[in-house]
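Peer 1: Please find one structure pasted underneath; my questions will follow.
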Amino acid sequence: MEAHMRELLLDYIRSGPDADDRPTDERRKPLAREIGVRNMFIRHRLFAATRALEEAGASPVVLKGAHLIHAVYPFGIRPIEDIDLFLDKADYERVDRTLRALGYEARIEGMDLWTHLTFSNKITYMNRTEQPLIPIDIHFSLGPYPYLGKMNPALLAGRTETIATEEGTLRVLAPEALLLHLCLHLFQHHFDDWQVSCCDIVAVVRHAGNRLDWDEFAGLVRANRLSLPVSYSLRKARELSPGLELPPLWLHSDGMPATARERWVFARSLAQRTAFDRHVLQFLTTPGVGNKLRGALKIVVPSKTQLRLHHRGSYWRYLRDIVKTAVKS
């Protein structure tokens, strides 16, 4: 996301809980209109997609910005680049059929479908016949790397809710699960585009108020063994908004319970800075020995399609590109 698109959002968060919903600076009103108009397109595409998926028998849960522009932020404050939906991986085929019927195509570039579903737990869909271009990211895990599979879907039972909007209803995460997901998303992007997620955390804590059950939140975090990244993200939110009211428990990482492996994953993730770092960490933290072995085999023996599309059909070019990426990192 371009830096200037974050300006209104950062000002809104830094102004405190009583911030004016509308920008008063004349120079920034065009930016608010630009953000607001794009979000109107997003709302239209979102409801078209969720209605179609529900009619197909799937149960989409709206995530991140596409949820927050309906329930938390005023018009023209929160810029959004795409639509994020969480769905059961068992529904992948019906989800794929439904979105393709709406004119979307899956962007499976550089990796085959199995790799996307296993190592990314996400597939991006694009409809290039409609403007503006608004991708739809279908997530099959609420724990982005390096915590894929850490959030047990069964623990989300009873932690979603329905919100009413002008266009209809949306199924979204309840405050405790929403805050946990936002914390993991911030930690995933801690070395680059973390500010928007940080703003979202502050906005959700303020908006939820007494609805946010901190004891239930703490239980959810501990049950998924995610204390370290959550504490990190909440402390970042407090840095952005020093007046944010948070339980003291989350403001000190030293006392957070964690196994040696959890501390290793946390430290390794904090140290990552490049795409190569990310790919290595993604591989090492993907659940299942069988998945790792199959993934390693795909690295050693890439498909002919991958070689043709990205390396001119040459295995040696493929090896050279891997080495160049590792050296540059």
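By order in the structure tokens, chains are A, B, ...; within a chain, residues start at 1; ligands start at 1, following the order shown.
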Can you check which parts of stretch 227-312 of chain A lie within 7 Å of stretch 184-207 of chain A? Per residue, the shortest pair of atoms and distance in Å to one decimal, counting only C-alpha atoms, sorted by chain and number, as a tab-separated table.

Peer 2:
```
residue	atom	partner	partner_atom	distance
A:Pro229	CA	A:Phe187	CA	6.1
A:Val230	CA	A:Leu184	CA	6.6
A:Ser233	CA	A:Phe187	CA	6.1
A:Lys236	CA	A:Cys198	CA	6.9
A:Ala237	CA	A:Cys198	CA	5.3
A:Arg273	CA	A:Phe191	CA	6.4
```

Peer 1: Any chance you can output those residues with N, CA, C and O atoms as a short mmCIF file (atom, residue, chain, number, x, y, z; two decimals), in the first residue's frame?

Peer 2:
```cif
data_model
loop_
_atom_site.label_atom_id
_atom_site.label_comp_id
_atom_site.auth_asym_id
_atom_site.auth_seq_id
_atom_site.Cartn_x
_atom_site.Cartn_y
_atom_site.Cartn_z
N PRO A 229 3.84 -13.74 19.67
CA PRO A 229 3.51 -12.77 18.60
C PRO A 229 2.38 -11.82 19.00
O PRO A 229 2.37 -10.67 18.57
N VAL A 230 1.44 -12.29 19.81
CA VAL A 230 0.34 -11.42 20.22
C VAL A 230 0.85 -10.30 21.13
O VAL A 230 0.49 -9.13 20.97
N SER A 233 2.61 -7.70 19.02
CA SER A 233 1.72 -6.85 18.24
C SER A 233 0.97 -5.85 19.11
O SER A 233 0.79 -4.69 18.72
N LYS A 236 3.28 -3.05 19.95
CA LYS A 236 3.42 -2.14 18.81
C LYS A 236 2.22 -1.20 18.73
O LYS A 236 2.37 0.00 18.45
N ALA A 237 1.03 -1.74 18.99
CA ALA A 237 -0.18 -0.91 18.97
C ALA A 237 -0.11 0.15 20.06
O ALA A 237 -0.52 1.31 19.84
N ARG A 273 14.07 -10.65 6.88
CA ARG A 273 14.07 -9.35 6.21
C ARG A 273 13.82 -9.47 4.70
O ARG A 273 13.57 -8.47 4.04
#
```

Peer 1: Extract the full set of strand (DSSP E or B) residues from stretch 106-159 of chain A according to DSSP on the backbone, and format it as a list of chain:residue names.

Peer 2: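 Those residues are A:Ala106, A:Lys122, A:Ile123, A:Thr124, A:Tyr125, A:Met126, A:Ile136, A:Asp137, A:Ile138, A:His139.
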
Peer 1: Can you pull out every residue within 7 Å of stretch 244-253 of chain A, counting only C-alpha atoms, but drop anything in the same chain fewer than 6 positions away, and send it as a list in words?

Peer 2: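 The residues satisfying every condition are Leu228, Ser231, Leu234, Arg235 and Arg238 of chain A.
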
Peer 1: Write to file, as a JSON list (two decimals), in the first residue's frame, the residues of the selection just made, with all heavy atoms.

Peer 2:
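Result went into out-v1.json, see below:
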```
[["chain", "number", "residue", "atom", "x", "y", "z"],
["A", 228, "LEU", "N", 3.61, -15.07, 22.33],
["A", 228, "LEU", "CA", 4.74, -14.22, 21.93],
["A", 228, "LEU", "C", 4.38, -13.25, 20.79],
["A", 228, "LEU", "O", 4.60, -12.04, 20.93],
["A", 228, "LEU", "CB", 5.94, -15.08, 21.55],
["A", 228, "LEU", "CG", 6.58, -15.87, 22.70],
["A", 228, "LEU", "CD1", 7.70, -16.75, 22.19],
["A", 228, "LEU", "CD2", 7.11, -14.92, 23.77],
["A", 231, "SER", "N", 1.71, -10.65, 22.09],
["A", 231, "SER", "CA", 2.28, -9.63, 22.96],
["A", 231, "SER", "C", 3.08, -8.61, 22.15],
["A", 231, "SER", "O", 2.99, -7.40, 22.39],
["A", 231, "SER", "CB", 3.18, -10.29, 24.01],
["A", 231, "SER", "OG", 3.84, -9.33, 24.80],
["A", 234, "LEU", "N", 0.54, -6.26, 20.28],
["A", 234, "LEU", "CA", -0.16, -5.35, 21.17],
["A", 234, "LEU", "C", 0.77, -4.26, 21.69],
["A", 234, "LEU", "O", 0.36, -3.10, 21.88],
["A", 234, "LEU", "CB", -0.80, -6.11, 22.33],
["A", 234, "LEU", "CG", -1.99, -7.01, 21.94],
["A", 234, "LEU", "CD1", -2.48, -7.79, 23.15],
["A", 234, "LEU", "CD2", -3.13, -6.18, 21.35],
["A", 235, "ARG", "N", 2.04, -4.60, 21.90],
["A", 235, "ARG", "CA", 2.99, -3.58, 22.33],
["A", 235, "ARG", "C", 3.26, -2.58, 21.20],
["A", 235, "ARG", "O", 3.43, -1.38, 21.46],
["A", 235, "ARG", "CB", 4.29, -4.24, 22.80],
["A", 235, "ARG", "CG", 4.17, -4.83, 24.20],
["A", 235, "ARG", "CD", 5.48, -5.42, 24.71],
["A", 235, "ARG", "NE", 5.75, -6.71, 24.10],
["A", 235, "ARG", "CZ", 6.80, -7.00, 23.37],
["A", 235, "ARG", "NH1", 7.71, -6.07, 23.12],
["A", 235, "ARG", "NH2", 6.98, -8.21, 22.87],
["A", 238, "ARG", "N", 0.40, -0.22, 21.20],
["A", 238, "ARG", "CA", 0.53, 0.74, 22.30],
["A", 238, "ARG", "C", 1.55, 1.83, 21.96],
["A", 238, "ARG", "O", 1.39, 2.99, 22.34],
["A", 238, "ARG", "CB", 0.95, -0.01, 23.57],
["A", 238, "ARG", "CG", 1.04, 0.86, 24.82],
["A", 238, "ARG", "CD", -0.33, 1.35, 25.26],
["A", 238, "ARG", "NE", -0.26, 2.03, 26.53],
["A", 238, "ARG", "CZ", -0.37, 1.43, 27.72],
["A", 238, "ARG", "NH1", -0.57, 0.13, 27.79],
["A", 238, "ARG", "NH2", -0.33, 2.13, 28.83]]
```

Peer 1: Between A:Ile42, A:Leu99, A:Val172, A:Ala90, which residue has the minimum interatomic distance to A:Glu55, considering only C-alpha atoms?

Peer 2: A:Leu99

Peer 1: Near A:Ala58, within 8 Å and counting only C-alpha atoms, which residues show up once chain neighbours fewer than 3 positions away are dropped, as an mmCIF file with N, CA, C and O atoms, in the first residue's frame?

Peer 2:
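Heads up, here's the output in out07.cif:
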```cif
data_model
loop_
_atom_site.group_PDB
_atom_site.id
_atom_site.type_symbol
_atom_site.label_atom_id
_atom_site.label_comp_id
_atom_site.auth_asym_id
_atom_site.auth_seq_id
_atom_site.Cartn_x
_atom_site.Cartn_y
_atom_site.Cartn_z
ATOM 1 N N LEU A 53 -21.240 -17.325 -2.723
ATOM 2 C CA LEU A 53 -20.628 -18.413 -1.963
ATOM 3 C C LEU A 53 -21.636 -19.042 -1.000
ATOM 4 O O LEU A 53 -21.676 -20.272 -0.844
ATOM 5 N N GLU A 54 -22.439 -18.234 -0.359
ATOM 6 C CA GLU A 54 -23.445 -18.770 0.554
ATOM 7 C C GLU A 54 -24.492 -19.587 -0.197
ATOM 8 O O GLU A 54 -24.924 -20.651 0.267
ATOM 9 N N GLU A 55 -24.894 -19.113 -1.370
ATOM 10 C CA GLU A 55 -25.856 -19.862 -2.184
ATOM 11 C C GLU A 55 -25.269 -21.194 -2.646
ATOM 12 O O GLU A 55 -26.007 -22.165 -2.859
ATOM 13 N N LEU A 87 -12.453 -19.350 4.584
ATOM 14 C CA LEU A 87 -13.357 -20.446 4.251
ATOM 15 C C LEU A 87 -12.733 -21.776 4.642
ATOM 16 O O LEU A 87 -11.509 -21.878 4.804
ATOM 17 N N ASP A 88 -13.580 -22.764 4.780
ATOM 18 C CA ASP A 88 -13.123 -24.116 5.102
ATOM 19 C C ASP A 88 -12.415 -24.701 3.881
ATOM 20 O O ASP A 88 -12.942 -24.648 2.761
ATOM 21 N N ASP A 91 -14.148 -26.852 1.400
ATOM 22 C CA ASP A 91 -15.051 -26.229 0.422
ATOM 23 C C ASP A 91 -14.304 -25.653 -0.764
ATOM 24 O O ASP A 91 -14.905 -24.936 -1.574
ATOM 25 N N ARG A 94 -15.926 -25.980 -4.392
ATOM 26 C CA ARG A 94 -17.141 -25.186 -4.634
ATOM 27 C C ARG A 94 -16.818 -23.692 -4.621
ATOM 28 O O ARG A 94 -17.434 -22.907 -5.354
ATOM 29 N N VAL A 95 -15.855 -23.289 -3.788
ATOM 30 C CA VAL A 95 -15.431 -21.887 -3.777
ATOM 31 C C VAL A 95 -14.819 -21.522 -5.122
ATOM 32 O O VAL A 95 -15.139 -20.480 -5.710
#
```

Peer 1: Need to verify the contact set: A:Phe217, 12 Å, only C-alpha atoms, exclusion of same-chain residues closer than 3 positions in sequence. Can you return it as JSON, numbers by chain?

Peer 2: {"A": [155, 156, 159, 174, 175, 176, 177, 178, 179, 180, 181, 183, 205, 211, 212, 213, 214, 220, 221, 222, 223, 224, 226, 227, 230, 231, 246, 247, 249, 250]}

Peer 1: Which of these residues is nearest to A:Thr285, using only C-alpha atoms: A:Gly143, A:Pro257, A:Gly313, A:Pro242?

Peer 2: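 Closest to A:Thr285, using only C-alpha atoms: A:Gly143.
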
Peer 1: Please identify which residues in stretch 176-320 of chain A DSSP calls alpha helix (DSSP H) from the backbone, and express them as a ChimeraX atom specification.

Peer 2: /A:176-188,195-208,214-223,227-240,260-271,275-285,289-300,304-310,315-320

Peer 1: Go ahead and save the residues from that selection, with C-alpha atoms, as an mmCIF file, in the first residue's frame.

Peer 2:
```cif
data_model
loop_
_atom_site.group_PDB
_atom_site.id
_atom_site.type_symbol
_atom_site.label_atom_id
_atom_site.label_comp_id
_atom_site.auth_asym_id
_atom_site.auth_seq_id
_atom_site.Cartn_x
_atom_site.Cartn_y
_atom_site.Cartn_z
ATOM 1 C CA GLU A 176 -11.628 -11.784 20.595
ATOM 2 C CA ALA A 177 -10.930 -13.848 17.456
ATOM 3 C CA LEU A 178 -10.739 -10.685 15.351
ATOM 4 C CA LEU A 179 -8.106 -9.151 17.605
ATOM 5 C CA LEU A 180 -6.070 -12.368 17.607
ATOM 6 C CA HIS A 181 -6.149 -12.570 13.813
ATOM 7 C CA LEU A 182 -5.081 -8.922 13.480
ATOM 8 C CA CYS A 183 -2.196 -9.486 15.899
ATOM 9 C CA LEU A 184 -0.930 -12.418 13.832
ATOM 10 C CA HIS A 185 -1.285 -10.423 10.635
ATOM 11 C CA LEU A 186 0.746 -7.552 12.071
ATOM 12 C CA PHE A 187 3.469 -9.929 13.212
ATOM 13 C CA GLN A 188 3.607 -11.559 9.788
ATOM 14 C CA GLN A 195 1.264 0.100 10.209
ATOM 15 C CA VAL A 196 -2.190 -0.620 8.778
ATOM 16 C CA SER A 197 -2.575 -3.752 10.909
ATOM 17 C CA CYS A 198 -1.377 -1.752 13.909
ATOM 18 C CA CYS A 199 -4.065 0.869 13.264
ATOM 19 C CA ASP A 200 -6.659 -1.894 12.952
ATOM 20 C CA ILE A 201 -5.699 -3.315 16.349
ATOM 21 C CA VAL A 202 -6.057 0.093 18.006
ATOM 22 C CA ALA A 203 -9.389 0.755 16.251
ATOM 23 C CA VAL A 204 -10.832 -2.636 17.202
ATOM 24 C CA VAL A 205 -9.816 -2.339 20.876
ATOM 25 C CA ARG A 206 -11.360 1.137 21.060
ATOM 26 C CA HIS A 207 -14.514 0.185 19.183
ATOM 27 C CA ALA A 208 -15.146 -3.078 21.035
ATOM 28 C CA TRP A 214 -9.821 -9.949 27.732
ATOM 29 C CA ASP A 215 -9.991 -13.155 29.780
ATOM 30 C CA GLU A 216 -11.529 -15.025 26.850
ATOM 31 C CA PHE A 217 -8.954 -13.461 24.539
ATOM 32 C CA ALA A 218 -6.117 -14.613 26.807
ATOM 33 C CA GLY A 219 -7.575 -18.137 26.894
ATOM 34 C CA LEU A 220 -7.810 -18.208 23.098
ATOM 35 C CA VAL A 221 -4.212 -17.041 22.756
ATOM 36 C CA ARG A 222 -2.906 -19.604 25.247
ATOM 37 C CA ALA A 223 -4.943 -22.444 23.733
ATOM 38 C CA SER A 227 1.452 -15.475 23.387
ATOM 39 C CA LEU A 228 4.738 -14.220 21.928
ATOM 40 C CA PRO A 229 3.507 -12.774 18.603
ATOM 41 C CA VAL A 230 0.337 -11.421 20.225
ATOM 42 C CA SER A 231 2.283 -9.633 22.962
ATOM 43 C CA TYR A 232 4.616 -8.192 20.323
ATOM 44 C CA SER A 233 1.720 -6.851 18.236
ATOM 45 C CA LEU A 234 -0.164 -5.350 21.173
ATOM 46 C CA ARG A 235 2.993 -3.578 22.328
ATOM 47 C CA LYS A 236 3.419 -2.138 18.810
ATOM 48 C CA ALA A 237 -0.178 -0.909 18.967
ATOM 49 C CA ARG A 238 0.532 0.738 22.301
ATOM 50 C CA GLU A 239 3.568 2.476 20.788
ATOM 51 C CA LEU A 240 1.384 3.889 18.014
ATOM 52 C CA ALA A 260 11.762 -23.587 23.191
ATOM 53 C CA ARG A 261 10.368 -24.181 19.687
ATOM 54 C CA GLU A 262 7.883 -21.322 20.031
ATOM 55 C CA ARG A 263 10.675 -18.991 21.080
ATOM 56 C CA TRP A 264 12.801 -20.195 18.138
ATOM 57 C CA VAL A 265 9.987 -19.561 15.636
ATOM 58 C CA PHE A 266 9.337 -16.141 17.152
ATOM 59 C CA ALA A 267 13.021 -15.146 17.078
ATOM 60 C CA ARG A 268 13.528 -16.503 13.541
ATOM 61 C CA SER A 269 10.505 -14.569 12.325
ATOM 62 C CA LEU A 270 11.709 -11.344 13.945
ATOM 63 C CA ALA A 271 15.041 -11.779 12.146
ATOM 64 C CA ALA A 275 11.666 -12.989 0.509
ATOM 65 C CA PHE A 276 14.184 -15.813 0.812
ATOM 66 C CA ASP A 277 13.973 -15.628 4.621
ATOM 67 C CA ARG A 278 10.204 -15.810 4.349
ATOM 68 C CA HIS A 279 10.228 -18.861 2.066
ATOM 69 C CA VAL A 280 12.642 -20.730 4.332
ATOM 70 C CA LEU A 281 10.600 -19.935 7.432
ATOM 71 C CA GLN A 282 7.377 -20.841 5.646
ATOM 72 C CA PHE A 283 8.848 -24.213 4.717
ATOM 73 C CA LEU A 284 10.236 -24.952 8.189
ATOM 74 C CA THR A 285 7.020 -24.051 10.024
ATOM 75 C CA VAL A 289 6.628 -34.034 8.005
ATOM 76 C CA GLY A 290 4.935 -35.448 4.909
ATOM 77 C CA ASN A 291 4.113 -31.954 3.674
ATOM 78 C CA LYS A 292 7.724 -30.861 4.153
ATOM 79 C CA LEU A 293 9.060 -33.899 2.266
ATOM 80 C CA ARG A 294 6.644 -33.392 -0.605
ATOM 81 C CA GLY A 295 7.472 -29.680 -0.665
ATOM 82 C CA ALA A 296 11.196 -30.427 -0.727
ATOM 83 C CA LEU A 297 10.690 -32.821 -3.651
ATOM 84 C CA LYS A 298 8.838 -30.103 -5.566
ATOM 85 C CA ILE A 299 11.773 -27.773 -4.990
ATOM 86 C CA VAL A 300 14.270 -30.347 -6.269
ATOM 87 C CA LYS A 304 7.590 -28.717 -16.471
ATOM 88 C CA THR A 305 4.901 -26.028 -16.447
ATOM 89 C CA GLN A 306 6.746 -24.037 -13.786
ATOM 90 C CA LEU A 307 10.010 -24.309 -15.706
ATOM 91 C CA ARG A 308 8.339 -23.267 -18.955
ATOM 92 C CA LEU A 309 6.465 -20.288 -17.485
ATOM 93 C CA HIS A 310 9.189 -18.867 -15.267
ATOM 94 C CA TYR A 315 16.231 -26.581 -15.090
ATOM 95 C CA TRP A 316 19.668 -24.919 -14.926
ATOM 96 C CA ARG A 317 18.082 -21.477 -15.154
ATOM 97 C CA TYR A 318 15.796 -22.541 -12.326
ATOM 98 C CA LEU A 319 18.766 -23.507 -10.119
ATOM 99 C CA ARG A 320 20.584 -20.321 -11.061
#
```

Peer 1: Between atom CA of A:Arg225 and atom CA of A:Phe140, what is the distance in Å, rounded to a tenth?

Peer 2: 19.2 Å
